[in-house]
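Just below is one structure, and these are the notes that go with it.
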Amino acid sequence: MKACLARIKERPILAIFIVFSTLFFCAAEQFNPIIKEYGSMSKLLEGEGYVDLLSDFANWLATHVSSPVVVAITVGVSILFLFAVSAVIGIFFSGYSHVLYLSLIDHAPKKGEFKVGINKNFLKVTLYFLFTFILSILFVVFAAYALVPAAMTIKQLISAGDTSVILRMVFLCLLTAVVLFFATVFFAMYLSFILPGLIGFKRGGVGVSIKMVNGYCWYLIPRTLVYLVVMVVITLLMLLLGYGPATGVTSVLYLVINTVLKFFTNFIYIYYVFSTFIAMKDDMFAAD
């Protein structure tokens, strides 16, 4: 913490950038139509069950996907939109990541570091965010539907009172929990450590990052898990407060609470990822 605070004092942008980027993402989260509709615990718990909700979504999707041409056009437009968003994010994060990396390897501050980072890493970071968005959407869909078998057995037990499904329910719940646990943690670790890999290497950074995560996974898993758990707790807190439907001063207050909590969580995790990557890089290549 002493080294971290010293680096922030030396380069205030390390903290300021995360404050504003967290504010931006929290605002985009809180004020989008889906969260406005379902962003409270009471709303999520009322009405149809989880399986019925997913079934309705699948039926809605099938109804609106009328032909392969429409699917192809929709996918193409979506990818172009995600690329445009990734390019905007890439401009800022390529510069910031470069500054953070230089700070952690104890380079003296120089004017224009942010711009140098953009020039060197813009395309790589843009593609990184594009693939992150696409893979995250696919992963969320996979995780949501992977819960269906366990959810159906729970529903059968509760609604029908069928006690014969208890053993099957326990088995499915445990299996689903274990699979989703490792899938989520490794997904988060790979995506997290690829970013400093792109900054630290001109070429081959993705492969080196994957190799590092594989080699140090038992060291990384509990720390990544802590970050994910804290983010889930913050999200649950905001749902309990009902931040989605909130309006006026209350919505601004919830935005501030969400931003402050996620700022500290995100900054600590980003700092940890980059500093750990540099330590693992030194260790790996020293061993070689």
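Residues in the structure tokens are named by chain (A, B, ... in the order shown) and by number from 1 within that chain; ligands are numbered from 1 in the order shown.
All residues of protein, DNA or RNA that reach within 8 Å of range 107-120 of chain A, judged by only C-alpha atoms and not counting those fewer than 2 positions away in the chain, are A:Glu10, A:Arg11, A:Ile91, A:Phe92, A:Ser94, A:Gly95, A:Tyr96, A:Ser97, A:His98, A:Val99, A:Leu102, A:Ser103, A:Leu104, A:Ile105, A:Phe122.
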Item to complete: For range 228-231 of chain A, please output as a list in words all residues within 9 Å (counting only C-alpha atoms; exclusion window: fewer than 3 positions along the same chain).
Response: Thr184, Val185, Ala188, Arg223, Thr224, Leu225, Ile234, Thr235, Leu236, Leu261, Lys262, Thr265 and Asn266 of chain A
Worksheet entry | All alpha helix (DSSP H) residues (DSSP, backbone) inside range 231-267 of chain A, as a PyMOL selection string | chain A and resi 231-241+248-267
Would you mind exporting the chosen residues as a CSV table (one decimal), in the first residue's frame, restricted to N, CA, C and O atoms?
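part-v1.csv written:
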chain,number,residue,atom,x,y,z
A,231,MET,N,-17.4,-7.9,-6.0
A,231,MET,CA,-18.3,-7.3,-7.0
A,231,MET,C,-19.7,-7.8,-7.0
A,231,MET,O,-20.7,-7.0,-7.2
A,232,VAL,N,-19.8,-9.1,-6.7
A,232,VAL,CA,-21.2,-9.7,-6.6
A,232,VAL,C,-21.9,-9.1,-5.4
A,232,VAL,O,-23.1,-8.7,-5.4
A,233,VAL,N,-21.2,-8.9,-4.2
A,233,VAL,CA,-21.8,-8.4,-3.0
A,233,VAL,C,-22.2,-6.9,-3.3
A,233,VAL,O,-23.3,-6.5,-2.9
A,234,ILE,N,-21.4,-6.1,-4.0
A,234,ILE,CA,-21.8,-4.8,-4.3
A,234,ILE,C,-23.0,-4.7,-5.2
A,234,ILE,O,-24.0,-3.9,-5.0
A,235,THR,N,-23.1,-5.6,-6.2
A,235,THR,CA,-24.3,-5.7,-7.1
A,235,THR,C,-25.5,-6.1,-6.3
A,235,THR,O,-26.6,-5.5,-6.5
A,236,LEU,N,-25.4,-7.1,-5.4
A,236,LEU,CA,-26.5,-7.5,-4.5
A,236,LEU,C,-27.0,-6.3,-3.6
A,236,LEU,O,-28.2,-6.1,-3.5
A,237,LEU,N,-26.0,-5.6,-3.1
A,237,LEU,CA,-26.4,-4.4,-2.3
A,237,LEU,C,-27.2,-3.4,-3.1
A,237,LEU,O,-28.2,-2.9,-2.6
A,238,MET,N,-26.7,-3.1,-4.3
A,238,MET,CA,-27.4,-2.1,-5.2
A,238,MET,C,-28.8,-2.6,-5.6
A,238,MET,O,-29.8,-1.8,-5.6
A,239,LEU,N,-28.9,-4.0,-5.8
A,239,LEU,CA,-30.3,-4.5,-6.1
A,239,LEU,C,-31.2,-4.4,-4.9
A,239,LEU,O,-32.4,-4.1,-5.0
A,240,LEU,N,-30.6,-4.6,-3.7
A,240,LEU,CA,-31.4,-4.5,-2.4
A,240,LEU,C,-31.9,-3.1,-2.2
A,240,LEU,O,-33.0,-2.8,-1.8
A,241,LEU,N,-31.0,-2.1,-2.6
A,241,LEU,CA,-31.4,-0.7,-2.5
A,241,LEU,C,-32.4,-0.3,-3.6
A,241,LEU,O,-33.1,0.7,-3.5
A,248,GLY,N,-34.4,10.8,-9.5
A,248,GLY,CA,-34.1,12.0,-8.8
A,248,GLY,C,-32.8,11.9,-8.0
A,248,GLY,O,-31.8,11.3,-8.4
A,249,VAL,N,-32.9,12.5,-6.8
A,249,VAL,CA,-31.7,12.6,-5.9
A,249,VAL,C,-31.3,11.2,-5.5
A,249,VAL,O,-30.1,10.9,-5.3
A,250,THR,N,-32.3,10.3,-5.3
A,250,THR,CA,-32.0,9.0,-4.8
A,250,THR,C,-31.2,8.2,-5.8
A,250,THR,O,-30.2,7.5,-5.5
A,251,SER,N,-31.5,8.4,-7.1
A,251,SER,CA,-30.7,7.7,-8.2
A,251,SER,C,-29.3,8.2,-8.2
A,251,SER,O,-28.3,7.4,-8.4
A,252,VAL,N,-29.1,9.5,-8.0
A,252,VAL,CA,-27.7,10.1,-8.0
A,252,VAL,C,-27.0,9.5,-6.8
A,252,VAL,O,-25.8,9.2,-6.9
A,253,LEU,N,-27.6,9.5,-5.6
A,253,LEU,CA,-27.0,8.9,-4.4
A,253,LEU,C,-26.6,7.5,-4.6
A,253,LEU,O,-25.4,7.1,-4.3
A,254,TYR,N,-27.4,6.7,-5.2
A,254,TYR,CA,-27.1,5.3,-5.5
A,254,TYR,C,-25.9,5.2,-6.5
A,254,TYR,O,-25.1,4.3,-6.4
A,255,LEU,N,-25.9,6.1,-7.5
A,255,LEU,CA,-24.8,6.1,-8.4
A,255,LEU,C,-23.5,6.4,-7.7
A,255,LEU,O,-22.4,5.8,-8.0
A,256,VAL,N,-23.5,7.3,-6.8
A,256,VAL,CA,-22.3,7.7,-6.1
A,256,VAL,C,-21.8,6.5,-5.2
A,256,VAL,O,-20.6,6.2,-5.2
A,257,ILE,N,-22.8,5.8,-4.5
A,257,ILE,CA,-22.4,4.7,-3.7
A,257,ILE,C,-21.8,3.6,-4.5
A,257,ILE,O,-20.7,3.0,-4.2
A,258,ASN,N,-22.4,3.3,-5.7
A,258,ASN,CA,-22.0,2.2,-6.6
A,258,ASN,C,-20.6,2.6,-7.1
A,258,ASN,O,-19.7,1.7,-7.1
A,259,THR,N,-20.4,3.8,-7.5
A,259,THR,CA,-19.1,4.3,-8.0
A,259,THR,C,-18.0,4.2,-7.0
A,259,THR,O,-16.9,3.7,-7.3
A,260,VAL,N,-18.2,4.7,-5.8
A,260,VAL,CA,-17.2,4.7,-4.8
A,260,VAL,C,-16.8,3.2,-4.4
A,260,VAL,O,-15.6,2.9,-4.4
A,261,LEU,N,-17.8,2.4,-4.2
A,261,LEU,CA,-17.4,1.0,-3.8
A,261,LEU,C,-16.7,0.3,-5.0
A,261,LEU,O,-15.7,-0.4,-4.7
A,262,LYS,N,-17.1,0.5,-6.2
A,262,LYS,CA,-16.5,-0.2,-7.3
A,262,LYS,C,-15.2,0.4,-7.7
A,262,LYS,O,-14.3,-0.3,-8.2
A,263,PHE,N,-15.0,1.7,-7.4
A,263,PHE,CA,-13.7,2.3,-7.7
A,263,PHE,C,-12.6,1.7,-6.8
A,263,PHE,O,-11.6,1.3,-7.4
A,264,PHE,N,-12.8,1.6,-5.5
A,264,PHE,CA,-11.8,0.9,-4.7
A,264,PHE,C,-11.6,-0.5,-5.1
A,264,PHE,O,-10.4,-0.9,-5.2
A,265,THR,N,-12.6,-1.2,-5.4
A,265,THR,CA,-12.5,-2.6,-5.8
A,265,THR,C,-11.7,-2.8,-7.1
A,265,THR,O,-10.8,-3.6,-7.2
A,266,ASN,N,-12.1,-2.0,-8.1
A,266,ASN,CA,-11.5,-2.0,-9.4
A,266,ASN,C,-10.0,-1.6,-9.4
A,266,ASN,O,-9.2,-2.2,-10.0
A,267,PHE,N,-9.8,-0.5,-8.6
A,267,PHE,CA,-8.4,0.0,-8.6
A,267,PHE,C,-7.5,-1.0,-7.9
A,267,PHE,O,-6.4,-1.2,-8.4
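Interatomic distance, CA of Gly200 in chain A to CA of Ser136 in chain A: 23.7 Å.
Proximity to Phe81 in chain A was assessed for A:Ala28, A:Leu220, A:Ile134, A:Ala6 counting only C-alpha atoms; the smallest distance is recorded for A:Ile134.
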Response to the item:
For Val88 in chain A, the closest of A:Pro68, A:Glu37, A:Ser21, A:Ala279 counting only C-alpha atoms is A:Ser21
Discussion item. If I take CA of Tyr243 in chain A and CA of Phe31 in chain A, how far is one from the other in Å, to one decimal?
Written reply: 9.2 Å
Response to the item:
From the list A:Leu127, A:Phe181, A:Met284, A:Phe274, the nearest residue to Tyr101 in chain A using only C-alpha atoms is A:Phe274
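Closest approach to Arg7 in chain A among A:Phe25, A:Tyr271, A:Phe139, A:Tyr38: A:Tyr271, based on only C-alpha atoms.
Coordinates place CA of Lys124 in chain A at a distance of 9.7 Å from CA of Lys202 in chain A.
Omitting Met189 in chain A and its sequence neighbours fewer than 2 positions away, and counting only C-alpha atoms, the residues within 9 Å are A:Thr184, A:Val185, A:Phe186, A:Phe187, A:Leu191, A:Ser192, A:Phe193, A:Ile194, A:Ile210, A:Val213, A:Cys217, A:Leu220, A:Ile221, A:Thr224.
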With C-alpha atoms retained, export the selected residues as a PDB file, in the first residue's frame.
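As a result, part.pdb now contains:
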ATOM      1  CA  THR A 184     -15.923 -18.037 -14.095  1.00  0.00           C
ATOM      2  CA  VAL A 185     -12.654 -17.730 -12.184  1.00  0.00           C
ATOM      3  CA  PHE A 186     -10.478 -18.919 -15.065  1.00  0.00           C
ATOM      4  CA  PHE A 187     -12.407 -16.767 -17.553  1.00  0.00           C
ATOM      5  CA  LEU A 191      -9.053 -11.867 -19.526  1.00  0.00           C
ATOM      6  CA  SER A 192      -7.451  -9.919 -16.663  1.00  0.00           C
ATOM      7  CA  PHE A 193      -3.863 -10.956 -17.324  1.00  0.00           C
ATOM      8  CA  ILE A 194      -4.031 -10.712 -21.125  1.00  0.00           C
ATOM      9  CA  ILE A 210      -2.130 -17.693 -20.713  1.00  0.00           C
ATOM     10  CA  VAL A 213      -2.206 -18.059 -15.553  1.00  0.00           C
ATOM     11  CA  CYS A 217      -3.324 -20.588 -11.152  1.00  0.00           C
ATOM     12  CA  LEU A 220      -4.191 -16.425  -8.565  1.00  0.00           C
ATOM     13  CA  ILE A 221      -7.500 -18.217  -7.954  1.00  0.00           C
ATOM     14  CA  THR A 224      -9.413 -13.326  -8.315  1.00  0.00           C
TER      15      THR A 224
END
Discussion item. Quick one: residues within 10 Å of Ala177 in chain A, only C-alpha atoms, excluding same-chain residues fewer than 4 positions away - as a ChimeraX atom specification?
Written reply: /A:146-147,150,171-173,181-183
Write a file of the just-selected residues containing N, CA and C atoms, as a PDB file, in the first residue's frame.
ATOM      1  N   ALA A 146     -26.712 -22.900 -18.327  1.00  0.00           N
ATOM      2  CA  ALA A 146     -26.120 -24.021 -17.598  1.00  0.00           C
ATOM      3  C   ALA A 146     -26.820 -24.235 -16.262  1.00  0.00           C
ATOM      4  N   LEU A 147     -27.481 -23.200 -15.763  1.00  0.00           N
ATOM      5  CA  LEU A 147     -28.204 -23.298 -14.497  1.00  0.00           C
ATOM      6  C   LEU A 147     -29.580 -23.950 -14.640  1.00  0.00           C
ATOM      7  N   ALA A 150     -30.366 -27.593 -12.940  1.00  0.00           N
ATOM      8  CA  ALA A 150     -30.474 -27.496 -11.478  1.00  0.00           C
ATOM      9  C   ALA A 150     -31.718 -26.720 -11.072  1.00  0.00           C
ATOM     10  N   PHE A 171     -26.977 -33.316  -6.512  1.00  0.00           N
ATOM     11  CA  PHE A 171     -25.888 -33.628  -7.440  1.00  0.00           C
ATOM     12  C   PHE A 171     -25.776 -32.559  -8.524  1.00  0.00           C
ATOM     13  N   LEU A 172     -26.909 -32.199  -9.135  1.00  0.00           N
ATOM     14  CA  LEU A 172     -26.895 -31.203 -10.204  1.00  0.00           C
ATOM     15  C   LEU A 172     -26.446 -29.832  -9.691  1.00  0.00           C
ATOM     16  N   CYS A 173     -26.895 -29.466  -8.503  1.00  0.00           N
ATOM     17  CA  CYS A 173     -26.516 -28.167  -7.923  1.00  0.00           C
ATOM     18  C   CYS A 173     -25.012 -28.116  -7.641  1.00  0.00           C
ATOM     19  N   PHE A 181     -18.035 -22.287 -11.107  1.00  0.00           N
ATOM     20  CA  PHE A 181     -17.007 -21.649 -10.283  1.00  0.00           C
ATOM     21  C   PHE A 181     -15.677 -21.586 -11.033  1.00  0.00           C
ATOM     22  N   PHE A 182     -15.194 -22.741 -11.494  1.00  0.00           N
ATOM     23  CA  PHE A 182     -13.908 -22.764 -12.188  1.00  0.00           C
ATOM     24  C   PHE A 182     -13.983 -22.050 -13.529  1.00  0.00           C
ATOM     25  N   ALA A 183     -15.098 -22.193 -14.229  1.00  0.00           N
ATOM     26  CA  ALA A 183     -15.242 -21.508 -15.521  1.00  0.00           C
ATOM     27  C   ALA A 183     -15.182 -19.995 -15.340  1.00  0.00           C
TER      28      ALA A 183
END
